[in-house]
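Next up, my_file_11.csv (CSV, C-alpha atoms):
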```
chain,number,residue,atom,x,y,z
B,8,MET,CA,-84.6,-15.8,34.2
B,9,THR,CA,-85.1,-19.5,33.5
B,10,THR,CA,-86.0,-20.8,30.1
B,11,ILE,CA,-87.9,-24.1,30.0
B,12,VAL,CA,-87.5,-25.5,26.5
B,13,GLU,CA,-89.7,-28.4,25.6
B,14,PRO,CA,-89.7,-31.1,22.8
B,15,ASP,CA,-92.1,-31.3,19.9
B,16,ASN,CA,-94.1,-34.0,21.7
B,17,HIS,CA,-93.9,-36.1,24.8
B,18,GLU,CA,-93.1,-39.3,22.9
B,19,THR,CA,-89.6,-38.0,22.4
B,20,VAL,CA,-89.0,-38.1,26.1
B,21,ARG,CA,-90.2,-41.7,26.2
B,22,THR,CA,-88.1,-43.0,23.3
B,23,LEU,CA,-84.8,-41.2,23.0
B,24,THR,CA,-81.8,-42.8,24.7
B,25,GLY,CA,-78.3,-41.7,25.2
B,26,ARG,CA,-79.1,-38.0,24.9
B,27,PRO,CA,-79.8,-35.6,27.7
B,28,LEU,CA,-83.5,-35.2,28.1
B,29,LEU,CA,-83.2,-32.6,30.8
B,30,GLN,CA,-80.3,-30.1,31.3
B,31,VAL,CA,-79.7,-27.6,34.0
B,32,GLU,CA,-77.3,-25.0,32.8
B,33,GLU,CA,-75.3,-22.6,35.0
B,34,LEU,CA,-78.3,-22.2,37.4
B,35,SER,CA,-78.0,-19.7,40.3
B,36,CYS,CA,-80.7,-19.2,42.9
B,37,GLU,CA,-81.4,-16.9,45.8
B,38,ARG,CA,-84.0,-16.9,48.5
B,39,SER,CA,-85.0,-13.6,50.0
B,40,GLU,CA,-82.0,-12.1,48.2
B,41,ILE,CA,-79.7,-14.5,50.0
B,42,PRO,CA,-77.5,-16.5,47.5
B,43,LEU,CA,-78.0,-20.3,47.9
B,44,PHE,CA,-76.0,-21.9,45.1
B,45,SER,CA,-74.5,-20.7,41.8
B,46,ASP,CA,-73.3,-22.0,38.4
B,47,LEU,CA,-74.9,-25.4,38.8
B,48,SER,CA,-75.1,-27.6,35.7
B,49,PHE,CA,-76.1,-31.2,35.2
B,50,SER,CA,-78.0,-33.3,32.7
B,51,ILE,CA,-80.2,-36.4,33.0
B,52,THR,CA,-81.3,-38.9,30.4
B,53,GLN,CA,-83.8,-41.7,30.1
B,54,GLY,CA,-84.1,-43.9,33.1
B,55,GLU,CA,-81.7,-41.9,35.3
B,56,ILE,CA,-82.0,-40.4,38.7
B,57,VAL,CA,-80.3,-37.4,40.4
B,58,ARG,CA,-80.1,-37.1,44.2
B,59,ILE,CA,-79.8,-33.6,45.5
B,60,SER,CA,-78.0,-33.4,48.9
B,61,GLY,CA,-76.6,-30.7,51.1
B,62,PRO,CA,-77.0,-29.1,54.5
B,63,ASN,CA,-80.1,-27.5,55.7
B,64,GLY,CA,-80.6,-24.1,53.9
B,65,SER,CA,-78.4,-25.0,50.9
B,66,GLY,CA,-81.2,-24.7,48.4
B,67,LYS,CA,-82.5,-28.3,47.8
B,68,THR,CA,-86.1,-27.3,47.8
B,69,THR,CA,-85.4,-24.2,45.8
B,70,LEU,CA,-83.6,-26.2,43.1
B,71,LEU,CA,-86.5,-28.5,42.7
B,72,ARG,CA,-88.9,-25.6,42.5
B,73,ALA,CA,-86.7,-24.0,39.9
B,74,ILE,CA,-86.7,-27.1,37.7
B,75,ALA,CA,-90.5,-27.2,38.1
B,76,GLY,CA,-90.8,-23.6,36.9
B,77,ILE,CA,-92.2,-22.4,40.3
B,78,HIS,CA,-89.1,-20.5,41.5
B,79,ARG,CA,-87.3,-18.0,39.2
B,80,PRO,CA,-83.5,-18.3,39.4
B,81,VAL,CA,-81.3,-15.3,39.1
B,82,ALA,CA,-79.3,-16.9,36.3
B,83,GLY,CA,-79.2,-20.0,34.1
B,84,ARG,CA,-81.9,-22.1,32.5
B,85,VAL,CA,-83.6,-25.5,32.4
B,86,VAL,CA,-83.6,-27.1,29.0
B,87,TRP,CA,-85.8,-30.0,27.8
B,88,GLU,CA,-84.4,-32.1,25.0
B,89,LEU,CA,-82.1,-29.3,23.8
B,90,GLN,CA,-84.7,-28.2,21.2
B,91,GLU,CA,-84.9,-24.4,21.7
B,92,MET,CA,-88.4,-23.8,20.6
B,93,ALA,CA,-89.9,-20.3,20.7
B,94,ARG,CA,-93.2,-21.4,22.2
B,95,ARG,CA,-94.4,-23.9,24.8
B,96,ASP,CA,-97.2,-26.3,24.1
B,97,PRO,CA,-98.6,-27.7,27.4
B,98,ALA,CA,-100.6,-30.3,25.4
B,99,THR,CA,-97.5,-32.0,24.0
B,100,GLY,CA,-94.6,-31.0,26.3
B,101,PRO,CA,-93.1,-33.2,28.9
B,102,LYS,CA,-95.1,-33.7,32.1
B,103,ILE,CA,-93.7,-33.1,35.6
B,104,GLY,CA,-94.9,-34.7,38.8
B,105,TYR,CA,-93.9,-32.6,41.8
B,106,ILE,CA,-94.3,-33.8,45.4
B,107,GLY,CA,-93.2,-30.9,47.7
B,108,HIS,CA,-91.9,-30.8,51.2
B,109,THR,CA,-95.5,-30.6,52.5
B,110,PRO,CA,-98.1,-33.2,51.4
B,111,GLY,CA,-100.3,-30.7,49.6
B,112,LEU,CA,-103.5,-32.3,50.9
B,113,ARG,CA,-106.7,-30.6,52.1
B,114,GLY,CA,-107.2,-31.7,55.7
B,115,GLU,CA,-111.0,-31.6,55.6
B,116,MET,CA,-111.2,-33.8,52.5
B,117,THR,CA,-110.7,-37.5,52.6
B,118,ALA,CA,-107.7,-39.2,51.1
B,119,HIS,CA,-109.9,-40.4,48.2
B,120,GLU,CA,-111.4,-37.0,47.7
B,121,ASN,CA,-107.9,-35.4,47.5
B,122,LEU,CA,-106.8,-37.9,44.9
B,123,GLU,CA,-110.1,-37.5,43.0
B,124,PHE,CA,-109.4,-33.7,42.8
B,125,TYR,CA,-105.9,-34.2,41.5
B,126,SER,CA,-107.1,-36.7,38.9
B,127,ARG,CA,-109.2,-33.9,37.4
B,128,ILE,CA,-106.5,-31.3,36.9
B,129,GLY,CA,-103.8,-31.0,34.3
B,130,GLY,CA,-101.5,-33.7,33.0
B,131,ARG,CA,-101.8,-37.1,31.3
B,132,ASN,CA,-104.0,-39.4,33.3
B,133,SER,CA,-102.5,-42.8,33.9
B,134,GLY,CA,-105.8,-44.6,33.7
B,135,LYS,CA,-105.6,-45.7,37.4
B,136,SER,CA,-108.4,-44.8,39.8
B,137,PRO,CA,-107.7,-42.9,43.0
B,138,MET,CA,-108.4,-46.1,45.0
B,139,GLN,CA,-106.0,-48.1,42.9
B,140,CYS,CA,-103.3,-45.5,43.6
B,141,LEU,CA,-104.0,-45.6,47.3
B,142,GLU,CA,-103.7,-49.4,47.2
B,143,THR,CA,-100.4,-49.1,45.4
B,144,PHE,CA,-99.0,-47.1,48.3
B,145,GLY,CA,-100.6,-49.1,51.1
B,146,ALA,CA,-103.1,-46.4,52.0
B,147,ALA,CA,-106.4,-47.9,50.9
B,148,HIS,CA,-107.6,-48.1,54.5
B,149,CYS,CA,-107.3,-44.3,54.7
B,150,ALA,CA,-109.5,-43.6,51.7
B,151,SER,CA,-112.6,-42.5,53.7
B,152,LEU,CA,-110.7,-40.6,56.4
B,153,PRO,CA,-110.2,-36.9,56.4
B,154,CYS,CA,-106.5,-36.2,55.8
B,155,ALA,CA,-106.3,-34.1,59.0
B,156,ARG,CA,-106.9,-37.2,61.0
B,157,LEU,CA,-104.1,-39.2,59.4
B,158,SER,CA,-100.6,-39.6,60.8
B,159,ALA,CA,-97.7,-37.9,59.1
B,160,GLY,CA,-96.7,-41.1,57.5
B,161,GLN,CA,-100.2,-41.9,56.2
B,162,ARG,CA,-100.4,-38.4,54.7
B,163,GLN,CA,-97.1,-38.9,52.9
B,164,ARG,CA,-98.3,-42.1,51.4
B,165,VAL,CA,-101.5,-40.4,50.2
B,166,ALA,CA,-99.3,-37.6,48.7
B,167,LEU,CA,-97.0,-40.0,46.9
B,168,ALA,CA,-100.1,-41.9,45.6
B,169,ARG,CA,-100.6,-38.8,43.3
B,170,LEU,CA,-97.6,-40.1,41.3
B,171,CYS,CA,-99.9,-43.0,40.2
B,172,LEU,CA,-102.6,-40.7,38.9
B,173,LYS,CA,-100.6,-39.1,36.1
B,174,ASP,CA,-98.3,-40.4,33.4
B,175,ASN,CA,-95.4,-38.0,34.1
B,176,ASP,CA,-92.0,-38.0,32.5
B,177,LEU,CA,-90.1,-36.4,35.3
B,178,TRP,CA,-90.6,-36.8,39.1
B,179,LEU,CA,-89.4,-34.0,41.4
B,180,LEU,CA,-89.5,-35.3,44.9
B,181,ASP,CA,-88.6,-33.2,48.0
B,182,GLU,CA,-87.6,-35.5,50.8
B,183,PRO,CA,-90.0,-38.2,49.6
B,184,ALA,CA,-89.3,-40.7,52.4
B,185,THR,CA,-90.1,-38.2,55.2
B,186,SER,CA,-92.3,-39.8,57.9
B,187,LEU,CA,-92.5,-43.1,56.0
B,188,ASP,CA,-91.9,-46.4,57.9
B,189,GLY,CA,-89.8,-49.2,56.4
B,190,GLU,CA,-92.7,-50.6,54.4
B,191,GLY,CA,-93.5,-47.2,53.0
B,192,VAL,CA,-89.9,-46.7,51.9
B,193,ASP,CA,-89.9,-50.1,50.2
B,194,ILE,CA,-93.1,-49.2,48.3
B,195,LEU,CA,-91.7,-45.9,47.2
B,196,GLN,CA,-88.4,-47.4,46.0
B,197,ASP,CA,-90.2,-50.2,44.1
B,198,PHE,CA,-92.6,-47.8,42.4
B,199,ALA,CA,-89.7,-45.5,41.4
B,200,ARG,CA,-87.7,-48.4,40.0
B,201,ARG,CA,-90.6,-49.2,37.7
B,202,HIS,CA,-90.8,-45.5,36.6
B,203,LEU,CA,-87.1,-45.5,35.8
B,204,GLY,CA,-87.4,-48.8,34.1
B,205,ASN,CA,-90.0,-47.3,31.8
B,206,GLY,CA,-87.7,-44.5,30.8
B,207,GLY,CA,-88.8,-41.9,33.4
B,208,LEU,CA,-86.6,-39.4,35.1
B,209,VAL,CA,-86.3,-38.7,38.9
B,210,VAL,CA,-84.7,-35.8,40.7
B,211,TYR,CA,-85.1,-36.0,44.4
B,212,SER,CA,-83.7,-34.3,47.5
B,213,SER,CA,-82.7,-36.4,50.6
B,214,HIS,CA,-80.2,-36.4,53.4
B,215,GLN,CA,-80.0,-40.1,53.0
B,216,PRO,CA,-79.8,-41.9,49.6
B,217,LEU,CA,-82.7,-44.2,48.6
B,218,ASP,CA,-82.2,-47.5,46.8
B,219,PHE,CA,-83.5,-47.1,43.3
B,220,GLY,CA,-81.2,-49.7,41.8
B,221,PRO,CA,-77.5,-49.8,40.9
B,222,GLU,CA,-76.0,-47.3,38.4
B,223,ARG,CA,-79.2,-45.4,38.0
B,224,GLY,CA,-77.7,-41.9,38.3
B,225,SER,CA,-75.7,-39.5,40.4
B,226,GLU,CA,-75.6,-37.2,43.4
B,227,ILE,CA,-75.2,-33.5,43.5
B,228,ASN,CA,-74.2,-31.9,46.8
B,229,LEU,CA,-75.2,-28.3,46.8
B,230,ALA,CA,-72.5,-27.5,49.3
B,231,ASP,CA,-70.1,-27.7,46.4
B,232,PHE,CA,-71.9,-24.9,44.6
B,233,GLN,CA,-72.5,-22.4,47.4
B,234,GLY,CA,-69.5,-20.2,47.0
B,235,ALA,CA,-70.5,-17.0,48.9
B,236,ALA,CA,-73.9,-18.4,49.8
B,237,SER,CA,-75.1,-17.8,53.3
B,238,GLU,CA,-75.2,-20.6,55.9
B,239,CYS,CA,-78.6,-19.6,57.2
```
Re-express the file's structure as structure tokens.
Amino acid sequence: MTTIVEPDNHETVRTLTGRPLLQVEELSCERSEIPLFSDLSFSITQGEIVRISGPNGSGKTTLLRAIAGIHRPVAGRVVWELQEMARRDPATGPKIGYIGHTPGLRGEMTAHENLEFYSRIGGRNSGKSPMQCLETFGAAHCASLPCARLSAGQRQRVALARLCLKDNDLWLLDEPATSLDGEGVDILQDFARRHLGNGGLVVYSSHQPLDFGPERGSEINLADFQGAASEC
């Protein structure tokens, strides 16, 4: 069972340097009782990025969901700031922005309505309006359109615009460049560089590396941790 251990307050995540802010310790995960990867450990500190790679079915999405606390691993734990507190305080703990493999948008709602909804739920608001976030990702022209009518690339831009709405410490991004054109990829990379420059953390999965700047972090290939894992 995973233990997520959080710091006394989120300012710690923003200010400490040189120490691991997030550690994954000996993590092992399964899907439908099929082993995916085992004994995976890594750490990440302020302003760093980790790219998760590996063949289809190796567990990239499962790993991101485990870090987010959505998927329960069979072994190991996720540790924030190495302070093993007995309780969790959602009001002061680190905040996670998760963009999954699917956009997570209601098709009958407009792009603006979707972002307005996300602005009203948990997390620290960034102070930016839904329209400002859409403008940041070049999707302002989609604001009044139902998401069901948008192209795959437009929906991905709207989904990524959710990152603007909240002041999150850690971004977990599952294939974030999926369906984006060249301009969309440039916008994503530039926005992520600013997040990293402000001390944020990024863990993302992708078959191809994205350019978030030199010496930002490292790559983990889940094929190296499969052991007896199934190839399916």
Atomic distance CA of Asp174 in chain B - CA of Arg79 in chain B, expressed in Å with one decimal: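 The value is 25.6 Å.
Going from CA of Val209 in chain B over to CA of Ala146 in chain B, you cover 22.7 Å.
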Do you know which residues are at most 10 Å from Asn121 in chain B counting only C-alpha atoms, after dropping those on the same chain fewer than 6 positions away, and could you put them as a PDB file with C-alpha atoms, keeping the file's coordinate frame?
```pdb
ATOM      1  CA  GLY B 111    -100.300 -30.700  49.600  1.00  0.00           C
ATOM      2  CA  LEU B 112    -103.500 -32.300  50.900  1.00  0.00           C
ATOM      3  CA  ARG B 113    -106.700 -30.600  52.100  1.00  0.00           C
ATOM      4  CA  GLY B 114    -107.200 -31.700  55.700  1.00  0.00           C
ATOM      5  CA  GLU B 115    -111.000 -31.600  55.600  1.00  0.00           C
ATOM      6  CA  PRO B 137    -107.700 -42.900  43.000  1.00  0.00           C
ATOM      7  CA  ALA B 150    -109.500 -43.600  51.700  1.00  0.00           C
ATOM      8  CA  PRO B 153    -110.200 -36.900  56.400  1.00  0.00           C
ATOM      9  CA  CYS B 154    -106.500 -36.200  55.800  1.00  0.00           C
ATOM     10  CA  VAL B 165    -101.500 -40.400  50.200  1.00  0.00           C
ATOM     11  CA  ALA B 166     -99.300 -37.600  48.700  1.00  0.00           C
ATOM     12  CA  ARG B 169    -100.600 -38.800  43.300  1.00  0.00           C
TER      13      ARG B 169
END
```
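For the set B:Leu195, B:Ala184, B:Met116, B:Leu70, the residue with the smallest atom-to-atom gap to Arg38 in chain B is B:Leu70, counting all atoms listed in the file.
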Which residue of B:Arg200, B:Glu226, B:Cys171, B:Pro110 approaches Pro183 in chain B most closely, using all atoms listed in the file: B:Pro110
Minimum-distance residue to Thr185 in chain B, chosen among B:Phe198, B:Ile106, B:Ser151, B:Phe219 (using only C-alpha atoms):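 Comparing B:Phe198, B:Ile106, B:Ser151, B:Phe219 against Thr185 in chain B, the winner is B:Ile106.
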Atomic separation - CA of Ala168 in chain B relative to CA of Leu122 in chain B, Å: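 Those two atoms sit 7.8 Å apart.
Closest approach to Gly76 in chain B from the set B:Met138, B:Gln196, B:Arg58, B:Leu179 is made by B:Leu179, with distances taken over all atoms listed in the file.
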Residues near Gly130 in chain B, cut-off 8 Å, all atoms listed in the file, skip fewer than 6 positions along chain, as number ranges by chain: B: 102, 173-175
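Each of B:Phe124, B:Lys67, B:Ala118, B:Leu180 was compared to Leu157 in chain B using all atoms listed in the file, and B:Ala118 turns out to be the nearest.
Using all atoms listed in the file, the smallest distance between any of B:Ser65, B:Ser133, B:Gln53, B:Ser39 and Gly224 in chain B comes from B:Gln53.
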Ref. answer, residues at most 10 Å from (-87.2, -21.5, 39.6) with all atoms listed in the file, as a ChimeraX atom specification: /B:8-11,34-37,69-85
Show me, as a PDB file with C-alpha atoms, keeping the file's coordinate frame, the residues that have an atom within 8 Å of Lys135 in chain B when counting all atoms listed in the file, minus same-chain residues fewer than 3 positions from it.
```pdb
ATOM      1  CA  ASN B 132    -104.000 -39.400  33.300  1.00  0.00           C
ATOM      2  CA  GLN B 139    -106.000 -48.100  42.900  1.00  0.00           C
ATOM      3  CA  CYS B 140    -103.300 -45.500  43.600  1.00  0.00           C
ATOM      4  CA  CYS B 171     -99.900 -43.000  40.200  1.00  0.00           C
ATOM      5  CA  LEU B 172    -102.600 -40.700  38.900  1.00  0.00           C
TER       6      LEU B 172
END
```
Can you take range 155-169 of chain B from the block and write all heavy atoms as an mmCIF file, in the first residue's frame?
```cif
data_model
loop_
_atom_site.group_PDB
_atom_site.id
_atom_site.type_symbol
_atom_site.label_atom_id
_atom_site.label_comp_id
_atom_site.auth_asym_id
_atom_site.auth_seq_id
_atom_site.Cartn_x
_atom_site.Cartn_y
_atom_site.Cartn_z
ATOM 1 N N ALA B 155 -17.220 18.635 -27.530
ATOM 2 C CA ALA B 155 -17.470 17.525 -28.454
ATOM 3 C C ALA B 155 -17.244 17.933 -29.903
ATOM 4 O O ALA B 155 -17.012 17.077 -30.761
ATOM 5 C CB ALA B 155 -18.891 17.004 -28.272
ATOM 6 N N ARG B 156 -17.309 19.222 -30.185
ATOM 7 C CA ARG B 156 -17.131 19.711 -31.545
ATOM 8 C C ARG B 156 -15.686 20.083 -31.851
ATOM 9 O O ARG B 156 -15.368 20.442 -32.995
ATOM 10 C CB ARG B 156 -18.036 20.916 -31.786
ATOM 11 C CG ARG B 156 -19.528 20.586 -31.811
ATOM 12 C CD ARG B 156 -20.370 21.841 -31.950
ATOM 13 N NE ARG B 156 -19.953 22.669 -33.074
ATOM 14 C CZ ARG B 156 -20.414 23.909 -33.311
ATOM 15 N NH1 ARG B 156 -21.294 24.441 -32.467
ATOM 16 N NH2 ARG B 156 -20.002 24.599 -34.341
ATOM 17 N N LEU B 157 -14.816 20.014 -30.868
ATOM 18 C CA LEU B 157 -13.426 20.394 -31.075
ATOM 19 C C LEU B 157 -12.622 19.237 -31.646
ATOM 20 O O LEU B 157 -12.962 18.066 -31.453
ATOM 21 C CB LEU B 157 -12.796 20.835 -29.740
ATOM 22 C CG LEU B 157 -13.485 21.983 -29.000
ATOM 23 C CD1 LEU B 157 -12.720 22.298 -27.716
ATOM 24 C CD2 LEU B 157 -13.595 23.220 -29.886
ATOM 25 N N SER B 158 -11.536 19.576 -32.328
ATOM 26 C CA SER B 158 -10.616 18.548 -32.802
ATOM 27 C C SER B 158 -9.861 17.975 -31.613
ATOM 28 O O SER B 158 -9.865 18.538 -30.504
ATOM 29 C CB SER B 158 -9.628 19.137 -33.810
ATOM 30 O OG SER B 158 -8.716 20.015 -33.150
ATOM 31 N N ALA B 159 -9.181 16.853 -31.831
ATOM 32 C CA ALA B 159 -8.415 16.232 -30.750
ATOM 33 C C ALA B 159 -7.339 17.177 -30.220
ATOM 34 O O ALA B 159 -7.106 17.263 -29.014
ATOM 35 C CB ALA B 159 -7.792 14.922 -31.234
ATOM 36 N N GLY B 160 -6.685 17.897 -31.123
ATOM 37 C CA GLY B 160 -5.656 18.833 -30.693
ATOM 38 C C GLY B 160 -6.217 19.997 -29.901
ATOM 39 O O GLY B 160 -5.612 20.444 -28.925
ATOM 40 N N GLN B 161 -7.394 20.497 -30.322
ATOM 41 C CA GLN B 161 -8.024 21.583 -29.575
ATOM 42 C C GLN B 161 -8.446 21.131 -28.184
ATOM 43 O O GLN B 161 -8.274 21.862 -27.210
ATOM 44 C CB GLN B 161 -9.234 22.103 -30.361
ATOM 45 C CG GLN B 161 -8.869 22.880 -31.614
ATOM 46 C CD GLN B 161 -10.081 23.199 -32.468
ATOM 47 O OE1 GLN B 161 -11.060 22.435 -32.523
ATOM 48 N NE2 GLN B 161 -10.037 24.335 -33.146
ATOM 49 N N ARG B 162 -8.983 19.918 -28.086
ATOM 50 C CA ARG B 162 -9.369 19.403 -26.771
ATOM 51 C C ARG B 162 -8.146 19.261 -25.865
ATOM 52 O O ARG B 162 -8.223 19.530 -24.659
ATOM 53 C CB ARG B 162 -10.094 18.060 -26.914
ATOM 54 C CG ARG B 162 -11.497 18.172 -27.458
ATOM 55 C CD ARG B 162 -12.286 16.883 -27.241
ATOM 56 N NE ARG B 162 -11.720 15.755 -27.969
ATOM 57 C CZ ARG B 162 -12.032 15.440 -29.216
ATOM 58 N NH1 ARG B 162 -12.924 16.173 -29.881
ATOM 59 N NH2 ARG B 162 -11.481 14.398 -29.802
ATOM 60 N N GLN B 163 -7.019 18.840 -26.454
ATOM 61 C CA GLN B 163 -5.805 18.703 -25.638
ATOM 62 C C GLN B 163 -5.339 20.065 -25.132
ATOM 63 O O GLN B 163 -4.891 20.185 -23.982
ATOM 64 C CB GLN B 163 -4.700 18.020 -26.444
ATOM 65 C CG GLN B 163 -3.445 17.704 -25.651
ATOM 66 C CD GLN B 163 -3.654 16.618 -24.601
ATOM 67 O OE1 GLN B 163 -4.738 16.057 -24.465
ATOM 68 N NE2 GLN B 163 -2.605 16.321 -23.850
ATOM 69 N N ARG B 164 -5.446 21.088 -25.961
ATOM 70 C CA ARG B 164 -5.071 22.432 -25.511
ATOM 71 C C ARG B 164 -5.964 22.893 -24.358
ATOM 72 O O ARG B 164 -5.492 23.491 -23.391
ATOM 73 C CB ARG B 164 -5.167 23.430 -26.678
ATOM 74 C CG ARG B 164 -4.075 23.288 -27.730
ATOM 75 C CD ARG B 164 -4.187 24.399 -28.748
ATOM 76 N NE ARG B 164 -3.257 24.253 -29.849
ATOM 77 C CZ ARG B 164 -2.519 25.249 -30.336
ATOM 78 N NH1 ARG B 164 -2.595 26.448 -29.788
ATOM 79 N NH2 ARG B 164 -1.721 25.048 -31.366
ATOM 80 N N VAL B 165 -7.264 22.624 -24.471
ATOM 81 C CA VAL B 165 -8.187 23.003 -23.405
ATOM 82 C C VAL B 165 -7.853 22.241 -22.124
ATOM 83 O O VAL B 165 -7.844 22.807 -21.025
ATOM 84 C CB VAL B 165 -9.645 22.741 -23.825
ATOM 85 C CG1 VAL B 165 -10.595 23.002 -22.658
ATOM 86 C CG2 VAL B 165 -10.030 23.610 -25.019
ATOM 87 N N ALA B 166 -7.557 20.945 -22.256
ATOM 88 C CA ALA B 166 -7.192 20.152 -21.084
ATOM 89 C C ALA B 166 -5.935 20.699 -20.422
ATOM 90 O O ALA B 166 -5.864 20.840 -19.193
ATOM 91 C CB ALA B 166 -6.990 18.693 -21.483
ATOM 92 N N LEU B 167 -4.921 21.026 -21.210
ATOM 93 C CA LEU B 167 -3.674 21.554 -20.656
ATOM 94 C C LEU B 167 -3.872 22.931 -20.041
ATOM 95 O O LEU B 167 -3.141 23.308 -19.109
ATOM 96 C CB LEU B 167 -2.601 21.606 -21.744
ATOM 97 C CG LEU B 167 -2.086 20.250 -22.232
ATOM 98 C CD1 LEU B 167 -1.250 20.427 -23.501
ATOM 99 C CD2 LEU B 167 -1.264 19.556 -21.152
ATOM 100 N N ALA B 168 -4.854 23.679 -20.531
ATOM 101 C CA ALA B 168 -5.126 25.003 -19.966
ATOM 102 C C ALA B 168 -5.528 24.907 -18.500
ATOM 103 O O ALA B 168 -5.418 25.893 -17.756
ATOM 104 C CB ALA B 168 -6.219 25.702 -20.772
ATOM 105 N N ARG B 169 -5.982 23.720 -18.061
ATOM 106 C CA ARG B 169 -6.304 23.536 -16.645
ATOM 107 C C ARG B 169 -5.083 23.748 -15.762
ATOM 108 O O ARG B 169 -5.210 24.092 -14.579
ATOM 109 C CB ARG B 169 -6.877 22.136 -16.422
ATOM 110 C CG ARG B 169 -8.294 21.961 -16.943
ATOM 111 C CD ARG B 169 -8.637 20.529 -17.262
ATOM 112 N NE ARG B 169 -8.189 19.584 -16.259
ATOM 113 C CZ ARG B 169 -8.131 18.267 -16.456
ATOM 114 N NH1 ARG B 169 -8.498 17.755 -17.618
ATOM 115 N NH2 ARG B 169 -7.727 17.464 -15.502
#
```
